[in-house]
Structures are given as C-alpha cells and as structure tokens.
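Student: Once you've had a glance at the structure underneath, I'll fire off some questions.
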Amino acid sequence: DIRRRINRPVVLVGMMGVGKSTVGKKLAALLQLPFFDADDEIEAAAQLSISEIFDQFGESYFRDGERRVIARLMDKGPAVVATGGGAFIQNETRELVLEKSVSIWLDSDEETLVERVTRKDTRPLLRDGNPRDIVSRLKQEREPYYRKAALHVVSDSGPHQHTVLKILEALD
Ligand code: S3P
C-alpha cells in the first residue's frame, strides 16, 4: 500500500488559503503519519505569532526561521508537512524540500483562494491592501516556483476530503 512506500516527508506547498494545513492534517490521519505545520512550529519556537514575528523582526528574519524549521522537519522521516505559502519561493528552502521530500503543489483557482483567505485575518501579507489583488499578484509571481514541485494536485472549491483523495492518487 501507499503508506509502506512513503519513505520521506510529503510536503505540501502552494498559495495561502489553498488548504495546506487542513488537507495535510487529514492526509496524515489517513496515512497514519505524523503531521507538522511549519508555521505552527515557527510560532512555537519564537513564542510569537507569525504577525508578531513580521512586525517585530521583519519578513527576512521570518524566512530565516522558516528555513531552519523546515530543514529540521525534513529529517523526521515519513510525515506530512504543511509549509507557509512563501516557503517554497525561497531558493534555499525550496532546494532543501526538493532534495529531501516528495513535494506536492496544492493549487486552486483565484476565486477559491480569495474566498478561503478572507475567512481569517491573521496573515501579515494581506494586511496592507485588497486581499483579492494581493492573492492575484502573489499567485502570478509564485507559480513558476510552485511548478517545480514533484507533484501537482488541484484543489477545487468542494470539500477538502476530495483533495485528500486526489493526493493519494498522485502519490500512488
Ligand atoms: C505566507 C503564508 C503564510 C505564512 C506567512 C507568509 C506567504 O502561510 O507563512 O504569513 O508568504 O504566503 P499560509 O500559506 O499557511 O497562509
């Protein structure tokens, strides 16, 4: 079965709002693998929220912590890892993930992303502008990088469980 063949971390990359954390948790439960959320790990290590880290230390400090946290997660063996939307855009972080994991680009149309990101207002990158414009710009800028992931799975606007099944097929 699939579980037995997974010998590396399975890493979800893609835009904020696509559902990396929700889908990752469900996928891990189904495969009976540990689940790690890189953003949560960064917050725990810093004892600060992502917004507080951005505010007090700036984005490049956050990216540095993100890279170190993800590097540590790449050595955990079989597991499911959700990354923040910008992680895979950083060259060093991306190279590391590409080398050490099975990376999956979780993709969605813009409408779905906007609908999902506007349910929560904890993302520093969405604070200074119209979320629709920011999501649209970031999606364009970042797609060439996300495309480098080993697998590509499209999440539609339906239930996340459906996306989990698509990931299982892609991994098979
Ligand atoms: C970011 C996405 C966030 C978080 C931080 C920066 C980004 O993670 O890491 O706010 O650059 O796209 P999610 O993708 O889980 O929202």
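Ligands are numbered from 1 in the order shown, chains are lettered A, B, ... in the order of the structure tokens, and residues start at 1 in each chain.
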Could you give me the residues within 10 Å of ligand 1, counting only C-alpha atoms and all ligand atoms, as a ChimeraX atom specification?
Tutor: /A:12-22,37-40,42,49-51,53-54,59,62-63,66,82-90,117,120-126,135,138-139,142
Student: Keeping only N, CA and C atoms, write the selected residues as a short mmCIF file (atom, residue, chain, number, x, y, z; two decimals), in the first residue's frame.
Tutor:
```
data_model
loop_
_atom_site.label_atom_id
_atom_site.label_comp_id
_atom_site.auth_asym_id
_atom_site.auth_seq_id
_atom_site.Cartn_x
_atom_site.Cartn_y
_atom_site.Cartn_z
N LEU A 12 3.54 19.73 1.50
CA LEU A 12 2.55 20.49 0.74
C LEU A 12 3.02 21.93 0.59
N VAL A 13 3.08 22.38 -0.66
CA VAL A 13 3.44 23.77 -0.95
C VAL A 13 2.31 24.39 -1.76
N GLY A 14 2.26 25.71 -1.81
CA GLY A 14 1.22 26.38 -2.58
C GLY A 14 0.72 27.61 -1.84
N MET A 15 -0.17 28.31 -2.50
CA MET A 15 -0.65 29.60 -2.01
C MET A 15 -1.36 29.53 -0.66
N MET A 16 -1.29 30.65 0.05
CA MET A 16 -2.08 30.75 1.26
C MET A 16 -3.57 30.62 0.90
N GLY A 17 -4.30 29.93 1.75
CA GLY A 17 -5.72 29.76 1.51
C GLY A 17 -6.05 28.50 0.71
N VAL A 18 -5.06 27.83 0.18
CA VAL A 18 -5.37 26.67 -0.65
C VAL A 18 -5.79 25.47 0.21
N GLY A 19 -5.40 25.48 1.48
CA GLY A 19 -5.82 24.42 2.39
C GLY A 19 -4.72 23.45 2.79
N LYS A 20 -3.46 23.91 2.70
CA LYS A 20 -2.33 23.02 3.01
C LYS A 20 -2.43 22.41 4.40
N SER A 21 -2.79 23.22 5.39
CA SER A 21 -2.85 22.71 6.77
C SER A 21 -4.03 21.75 6.97
N THR A 22 -5.18 22.14 6.51
CA THR A 22 -6.37 21.30 6.68
C THR A 22 -6.23 19.98 5.93
N ASP A 37 3.02 21.32 10.96
CA ASP A 37 2.70 22.56 10.26
C ASP A 37 3.87 23.51 10.50
N ALA A 38 4.58 23.85 9.43
CA ALA A 38 5.80 24.67 9.59
C ALA A 38 5.49 26.00 10.28
N ASP A 39 4.37 26.63 9.90
CA ASP A 39 4.02 27.91 10.55
C ASP A 39 3.83 27.74 12.06
N ASP A 40 3.16 26.68 12.46
CA ASP A 40 2.95 26.43 13.90
C ASP A 40 4.28 26.19 14.61
N ILE A 42 7.17 27.38 13.75
CA ILE A 42 7.89 28.65 13.84
C ILE A 42 7.34 29.47 15.01
N SER A 49 3.41 35.03 17.46
CA SER A 49 2.60 34.69 16.28
C SER A 49 3.36 35.13 15.03
N ILE A 50 2.96 34.60 13.88
CA ILE A 50 3.59 34.98 12.61
C ILE A 50 3.52 36.50 12.44
N SER A 51 2.37 37.09 12.72
CA SER A 51 2.23 38.55 12.59
C SER A 51 3.20 39.28 13.50
N ILE A 53 6.06 38.17 14.58
CA ILE A 53 7.42 38.00 14.05
C ILE A 53 7.66 39.00 12.91
N PHE A 54 6.70 39.10 11.99
CA PHE A 54 6.82 40.05 10.88
C PHE A 54 6.95 41.48 11.43
N GLU A 59 10.21 40.43 7.61
CA GLU A 59 9.98 39.21 6.84
C GLU A 59 11.25 38.37 6.67
N PHE A 62 11.80 36.18 9.52
CA PHE A 62 10.83 35.08 9.47
C PHE A 62 11.27 33.99 8.49
N ARG A 63 11.75 34.41 7.31
CA ARG A 63 12.16 33.43 6.28
C ARG A 63 13.33 32.59 6.75
N GLU A 66 11.96 30.13 9.18
CA GLU A 66 11.17 29.18 8.38
C GLU A 66 12.09 28.14 7.74
N ALA A 82 2.95 20.64 6.22
CA ALA A 82 2.36 21.80 5.54
C ALA A 82 3.32 22.96 5.70
N THR A 83 3.62 23.66 4.61
CA THR A 83 4.51 24.82 4.69
C THR A 83 3.70 26.10 4.46
N GLY A 84 4.25 27.23 4.90
CA GLY A 84 3.63 28.52 4.59
C GLY A 84 3.80 28.81 3.11
N GLY A 85 2.90 29.63 2.57
CA GLY A 85 2.85 29.88 1.13
C GLY A 85 4.13 30.45 0.52
N GLY A 86 4.97 31.09 1.34
CA GLY A 86 6.17 31.71 0.78
C GLY A 86 7.42 30.85 0.90
N ALA A 87 7.30 29.74 1.63
CA ALA A 87 8.49 28.94 1.94
C ALA A 87 9.20 28.44 0.68
N PHE A 88 8.42 27.91 -0.24
CA PHE A 88 8.96 27.26 -1.43
C PHE A 88 9.51 28.29 -2.44
N ILE A 89 9.26 29.58 -2.16
CA ILE A 89 9.74 30.64 -3.05
C ILE A 89 11.19 31.00 -2.70
N GLN A 90 11.58 30.68 -1.46
CA GLN A 90 12.95 30.94 -1.02
C GLN A 90 13.85 29.86 -1.61
N VAL A 117 -9.02 32.78 2.02
CA VAL A 117 -8.15 33.64 2.85
C VAL A 117 -8.94 34.70 3.60
N LYS A 120 -10.14 34.41 7.44
CA LYS A 120 -9.22 34.54 8.56
C LYS A 120 -8.39 35.80 8.30
N ASP A 121 -8.05 36.57 9.34
CA ASP A 121 -7.28 37.78 9.04
C ASP A 121 -5.94 37.79 9.78
N THR A 122 -5.30 36.63 9.82
CA THR A 122 -4.05 36.53 10.57
C THR A 122 -2.81 36.60 9.69
N ARG A 123 -3.00 36.88 8.39
CA ARG A 123 -1.83 36.83 7.51
C ARG A 123 -1.24 38.21 7.25
N PRO A 124 -0.01 38.42 7.70
CA PRO A 124 0.59 39.75 7.57
C PRO A 124 0.65 40.25 6.13
N LEU A 125 0.84 39.35 5.18
CA LEU A 125 0.98 39.81 3.79
C LEU A 125 -0.33 40.32 3.20
N LEU A 126 -1.44 40.07 3.89
CA LEU A 126 -2.73 40.52 3.36
C LEU A 126 -3.21 41.80 4.04
N VAL A 135 -3.56 38.41 -3.51
CA VAL A 135 -3.57 36.98 -3.87
C VAL A 135 -3.28 36.82 -5.35
N LEU A 138 0.50 37.62 -5.98
CA LEU A 138 1.39 36.58 -5.43
C LEU A 138 1.27 35.29 -6.23
N LYS A 139 0.05 34.95 -6.62
CA LYS A 139 -0.17 33.71 -7.36
C LYS A 139 0.63 33.74 -8.67
N ARG A 142 4.42 33.59 -7.96
CA ARG A 142 4.92 32.37 -7.33
C ARG A 142 4.74 31.10 -8.14
#
```
Student: Taking only chain A into account, list the residues labelled helix (DSSP H, G or I) by DSSP (computed from the backbone), as a PyMOL selection string.
Tutor: chain A and resi 2-5+20-31+38-46+50-57+59-73+87-89+91-100+110-117+124-126+131-146+160-171
Student: For a quick check of understanding, using only C-alpha atoms, which of A:Leu98, A:Val114, A:Ile6, A:Val153 has the smallest distance to Ile167 (chain A)?
Tutor: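 Nearest candidate to Ile167 (chain A) out of A:Leu98, A:Val114, A:Ile6, A:Val153: A:Val153.
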Student: Could you tell me which of A:Asn130, A:Gln56, A:Leu106, A:Lys166 comes closest to Thr118 (chain A) if we count only C-alpha atoms?
Tutor: A:Asn130
Student: Using only C-alpha atoms, which of A:Asp109, A:Asp156, A:Glu115, A:Glu43 sits nearest Glu143 (chain A)?
Tutor: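 Ranking A:Asp109, A:Asp156, A:Glu115, A:Glu43 by distance to Glu143 (chain A), first place goes to A:Asp109.
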